[in-house]
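> Here it is: the structure, laid out below.
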Amino acid sequence: MLWETMILALREIRRNVLRSSLTILGIVIGVAAVITLVTLGKGATAQVAAEISSLGSNMLQIRTGQGFRGPGGASETAKAFNLDDARAIAQQITGIAAVAPSAASAAQVVAGNTNWSTGITGSTDAFLFVRAWSLALGRSFTENEQRFGKAVCILGATVKKELFGSRDPLGASIRFKGITCQVIGVLEAKGQSGGGNDQDDFVLIPLHTLQRRITGNTDISAIYVSAEDGFSTTKIKEDLEQLLRERRHIGSDQDDDFFVRDMQEIMTTLTGTTRILTTLLGAVAAVSLLVGGIGIMNIMLVSVTERTREIGIRLAIGAMEHDVLLQFLVESVVLSSFGGLFGIAFGLAAAALGAQAMHMPFIFSPGIVAVAFLFSCAVGIIFGFFPARKAARLDPIEALRHE
């Protein structure tokens, strides 16, 4: 019985192909919009998480100034950190895996006849561990190179490309700020950060080399801290703030002249925000499914009116009310199901193209596809029930008289 009803429904849909196509268009748009927006939202969430993770595993960043809390950004009068601060953090804070003090300076780097304007970062070999940076070529700094401030350097991927192209730079010399530096390594590329900055555009040298031969002081502008697995970065952040307030002699009634950024906290906040936005966009897109359902109800009511005599004949020769109800309900569900299937195809295609255009990962979610399809079927049942019930309750005699 159900199979015969399906055949009748498909026959009726084929009889009015254009009208049926326009009817399901609202369902197609609604399902496609939901799948596209939710899929792109999941891709954006994954990209945000990946970008923050690329900064370092369980990393906390300490800088002078007031960070995001101050209306004017970093304070120009805030006292710089020093190596004793970094040593105190490593020795007195529980759960610290590594500490990498860092200072920076801008420079014009020259290799042969090629030059490139970039940043020079001075730090220790712990910098690579804390920032989760792998070497593509060469090696890191030795203990002697760090202790005595040797003129050796590791190139970021962008600097290597601009100065050496496809050539192997290991063992070559580069010049900047009046010193000649031997290239001992090249970092793996990380690409742009969430703020659009090129993370690979810098040269890494030993901290003592930068301090003695470039800046001429012992100032440290940033301290990168990596927490051990299993330790709460929130607790470590609190301990860091307390320790640094004591070391910098900040009174209880005074604001911090430094700030600590917890990458895990930032990632949780940003990914949570993108998830909420994705849910809201999906809910807004789902409204168009309701509009499509109203379109199905409208066209089914028209169909009942057009086929009143057919309904009367079926009822007169013995068809039961539930048979007529099932016939029109199946037609409605078939229309909405076709709309759901076409919407899934268009939605996934649009999401794939959008992800490629915005350079974000395409994350296929079977769950949202299934929910969108089931929702489209539910729309067919809900909005098709009233026209189907109207058809089933027609008086056979009055229906046969209908012109």
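Numbering starts fresh at 1 for the residues of each chain in the structure tokens, the chains themselves are lettered A, B, ... in the order given, and ligands are numbered from 1 as they appear.
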Would you mind listing what lies within 10 Å of region 10-21 of chain A as a list in words, with only C-alpha atoms counted and same-chain residues fewer than 3 positions away left out?
Glu4, Thr5, Met6, Ile7, Ile24, Leu25, Gly26, Val28, Ile296, Ile299, Ser303, Val330, Glu331, Ser332, Val334, Leu335, Phe338 and Gly339 of chain A
> Might you pull out every residue within 6 Å of region 251-258 of chain A, with only C-alpha atoms counted and same-chain residues fewer than 2 positions away left off, and present them as a compact mmCIF listing (two decimals) with N, CA and C atoms, in the first residue's frame?

```txt
# COMPACT_ATOMS: atom_id res chain seq x y z
N ARG A 63 54.44 39.85 29.28
CA ARG A 63 55.00 41.07 28.70
C ARG A 63 54.81 42.23 29.67
N THR A 64 55.61 43.25 29.49
CA THR A 64 55.44 44.46 30.30
C THR A 64 54.28 45.28 29.76
N GLY A 65 53.75 46.17 30.58
CA GLY A 65 52.60 46.98 30.20
C GLY A 65 51.32 46.38 30.75
N GLN A 66 50.18 46.87 30.24
CA GLN A 66 48.89 46.43 30.75
C GLN A 66 48.10 45.62 29.73
N ALA A 78 56.88 51.07 31.92
CA ALA A 78 56.98 49.81 32.65
C ALA A 78 58.41 49.28 32.58
```
> Under the rule that only C-alpha atoms are counted, which of A:Gly293, A:Tyr224, A:Arg139, A:Leu281 is the nearest residue to Phe259 (chain A)?
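Once distances to Phe259 (chain A) are computed over only C-alpha atoms, the minimum belongs to A:Tyr224.
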> When distances are computed from only C-alpha atoms, which of A:Ile62, A:Leu37, A:Val109, A:Ile223 shows the smallest separation from Leu280 (chain A)?
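Of the candidates, the smallest distance to Leu280 (chain A) is held by A:Leu37.
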> Have a look at A:Phe231, A:Phe375, A:Trp133, A:Phe148 and name the one nearest to Gly191 (chain A); count only C-alpha atoms.
A:Trp133
> Output as a ChimeraX atom specification all residues of region 16-180 of chain A that backbone DSSP marks as strand (DSSP E).
/A:59-64,96-111,114-123,135-138,152-155,173-176,179-180
> Mind the document's chain letters and residue numbers, and return as a PyMOL selection string the residues of region 140-361 of chain A that DSSP labels alpha helix (DSSP H).
chain A and resi 143-148+157-164+207-210+233-247+263-306+308-316+321-357
> Mind dumping the selected residues with C-alpha atoms as a compact mmCIF listing (two decimals), in the first residue's frame?

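So result.txt came out as:
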```txt
# COMPACT_ATOMS: atom_id res chain seq x y z
CA GLU A 143 75.12 25.61 25.52
CA ASN A 144 78.38 27.39 24.68
CA GLU A 145 76.79 29.42 21.88
CA GLN A 146 74.14 30.66 24.28
CA ARG A 147 76.48 31.31 27.18
CA PHE A 148 79.13 33.23 25.23
CA ALA A 157 60.90 30.19 6.66
CA THR A 158 60.05 33.58 5.13
CA VAL A 159 63.57 34.98 5.69
CA LYS A 160 65.12 31.84 4.25
CA LYS A 161 62.91 32.12 1.15
CA GLU A 162 63.63 35.83 0.61
CA LEU A 163 67.39 35.59 1.12
CA PHE A 164 68.25 32.16 -0.28
CA LEU A 207 69.76 36.05 23.74
CA HIS A 208 73.24 37.07 24.93
CA THR A 209 74.26 37.80 21.34
CA LEU A 210 71.34 40.21 20.93
CA THR A 233 47.45 27.03 33.15
CA THR A 234 44.95 29.14 35.11
CA LYS A 235 46.68 28.23 38.38
CA ILE A 236 50.13 28.83 36.87
CA LYS A 237 48.95 32.22 35.59
CA GLU A 238 47.87 33.20 39.11
CA ASP A 239 51.22 32.05 40.55
CA LEU A 240 53.12 33.99 37.88
CA GLU A 241 51.22 37.17 38.60
CA GLN A 242 51.81 36.84 42.33
CA LEU A 243 55.55 36.13 41.90
CA LEU A 244 56.10 39.02 39.48
CA ARG A 245 54.18 41.47 41.67
CA GLU A 246 56.52 40.57 44.51
CA ARG A 247 59.65 40.85 42.36
CA MET A 263 46.87 30.77 25.28
CA GLN A 264 44.53 28.01 26.50
CA GLU A 265 42.20 30.61 27.97
CA ILE A 266 42.25 32.65 24.79
CA MET A 267 41.59 29.56 22.68
CA THR A 268 38.65 28.51 24.86
CA THR A 269 37.16 32.00 24.63
CA LEU A 270 37.58 32.36 20.87
CA THR A 271 36.41 28.85 19.99
CA GLY A 272 33.43 29.28 22.30
CA THR A 273 32.56 32.52 20.56
CA THR A 274 32.78 31.00 17.09
CA ARG A 275 30.59 28.06 18.20
CA ILE A 276 27.91 30.44 19.48
CA LEU A 277 28.03 32.45 16.25
CA THR A 278 27.80 29.23 14.23
CA THR A 279 24.73 28.14 16.19
CA LEU A 280 23.07 31.52 15.72
CA LEU A 281 23.78 31.55 11.99
CA GLY A 282 22.44 28.01 11.67
CA ALA A 283 19.27 28.99 13.54
CA VAL A 284 18.76 32.02 11.29
CA ALA A 285 19.26 29.88 8.20
CA ALA A 286 16.77 27.32 9.54
CA VAL A 287 14.05 29.99 9.36
CA SER A 288 14.10 29.64 5.58
CA LEU A 289 13.09 25.99 6.07
CA LEU A 290 9.90 27.20 7.70
CA VAL A 291 9.31 29.49 4.73
CA GLY A 292 9.79 26.49 2.46
CA GLY A 293 7.31 24.53 4.57
CA ILE A 294 4.70 27.26 4.13
CA GLY A 295 5.30 27.03 0.38
CA ILE A 296 4.68 23.28 0.49
CA MET A 297 1.46 23.79 2.46
CA ASN A 298 0.28 26.39 -0.03
CA ILE A 299 0.92 24.22 -3.08
CA MET A 300 -0.65 21.16 -1.43
CA LEU A 301 -3.81 23.15 -0.69
CA VAL A 302 -3.90 24.17 -4.35
CA SER A 303 -3.39 20.54 -5.34
CA VAL A 304 -6.30 19.44 -3.13
CA THR A 305 -8.55 22.01 -4.79
CA GLU A 306 -7.47 20.96 -8.30
CA THR A 308 -11.26 17.47 -5.66
CA ARG A 309 -13.14 15.32 -8.22
CA GLU A 310 -10.31 12.73 -8.18
CA ILE A 311 -10.55 12.58 -4.39
CA GLY A 312 -14.33 12.23 -4.59
CA ILE A 313 -14.03 9.32 -7.03
CA ARG A 314 -11.52 7.53 -4.80
CA LEU A 315 -13.74 7.96 -1.77
CA ALA A 316 -16.85 6.90 -3.72
CA GLU A 321 -10.06 8.55 4.70
CA HIS A 322 -6.63 7.42 5.93
CA ASP A 323 -5.75 6.29 2.37
CA VAL A 324 -6.38 9.79 1.00
CA LEU A 325 -4.62 11.33 4.01
CA LEU A 326 -1.59 9.10 3.42
CA GLN A 327 -1.48 9.90 -0.31
CA PHE A 328 -1.25 13.66 0.17
CA LEU A 329 1.01 13.38 3.19
CA VAL A 330 3.43 11.20 1.21
CA GLU A 331 3.42 13.74 -1.64
CA SER A 332 4.34 16.48 0.82
CA VAL A 333 7.12 14.41 2.42
CA VAL A 334 8.52 13.39 -0.99
CA LEU A 335 8.67 17.05 -2.04
CA SER A 336 10.45 18.10 1.14
CA SER A 337 12.79 15.07 0.98
CA PHE A 338 13.84 15.96 -2.57
CA GLY A 339 14.43 19.50 -1.34
CA GLY A 340 16.53 18.14 1.52
CA LEU A 341 18.68 15.97 -0.77
CA PHE A 342 19.32 18.77 -3.27
CA GLY A 343 19.95 21.17 -0.38
CA ILE A 344 22.57 18.83 1.09
CA ALA A 345 24.37 18.61 -2.25
CA PHE A 346 24.35 22.38 -2.80
CA GLY A 347 25.22 23.09 0.84
CA LEU A 348 28.28 20.83 0.89
CA ALA A 349 29.47 22.19 -2.45
CA ALA A 350 29.06 25.79 -1.26
CA ALA A 351 30.81 25.00 2.03
CA ALA A 352 33.74 23.38 0.21
CA LEU A 353 34.12 26.37 -2.12
CA GLY A 354 33.77 28.83 0.78
CA ALA A 355 36.37 27.00 2.87
CA GLN A 356 38.78 27.00 -0.05
CA ALA A 357 38.20 30.71 -0.76
```
> I'd like the interatomic distance between CA of Ala106 (chain A) and CA of Leu83 (chain A), to a tenth of an Å.
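For CA of Ala106 (chain A) relative to CA of Leu83 (chain A), the distance reads 21.3 Å.
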> Just how far from CA of Leu60 (chain A) is CA of Ala98 (chain A), in Å to one decimal?
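Straight-line distance from CA of Ala98 (chain A) to CA of Leu60 (chain A) works out to 10.7 Å.
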> What is the CA of Ser365 (chain A)-CA of Lys42 (chain A) distance in Å, reported with one decimal?
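Those two atoms sit 8.7 Å apart.
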> Between A:Met59, A:Cys377, A:Phe141, A:Ser134, which residue has the minimum interatomic distance to Val260 (chain A), considering only C-alpha atoms?
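For Val260 (chain A), the nearest of the candidates is A:Met59.
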> Identify, on the basis of only C-alpha atoms, every residue whose closest approach to Ala80 (chain A) does not exceed 8 Å; exclude the query and any residue fewer than 4 positions from it along the same chain; express the result as a PyMOL selection string.
chain A and resi 64+219-221
> Those same residues, written as a PDB file, in the first residue's frame with C-alpha atoms?

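The result, written out as selection_10.pdb:
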```pdb
ATOM      1  CA  THR A  64      55.439  44.460  30.296  1.00  0.00           C
ATOM      2  CA  ASP A 219      66.411  44.012  29.060  1.00  0.00           C
ATOM      3  CA  ILE A 220      63.958  41.234  28.257  1.00  0.00           C
ATOM      4  CA  SER A 221      60.721  42.261  26.555  1.00  0.00           C
TER       5      SER A 221
END
```
> At a cut-off of 10 Å, using only C-alpha atoms, what residues contact Leu170 (chain A)? Leave out same-chain residues fewer than 5 positions from it and give the result as a list in words.
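Once the nearby chain positions are removed, what remains is Leu137, Gly138, Arg139, Cys153, Ile154, Leu155, Gln182, Val183, Ile184, Gly185 and Val186 of chain A.
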> Taking only C-alpha atoms into account, name the residue in A:Ile89, A:Ala103, A:Ile250, A:Ala227 that is nearest to Gly119 (chain A).
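Of A:Ile89, A:Ala103, A:Ile250, A:Ala227, the one nearest Gly119 (chain A) is A:Ala103, counting only C-alpha atoms.
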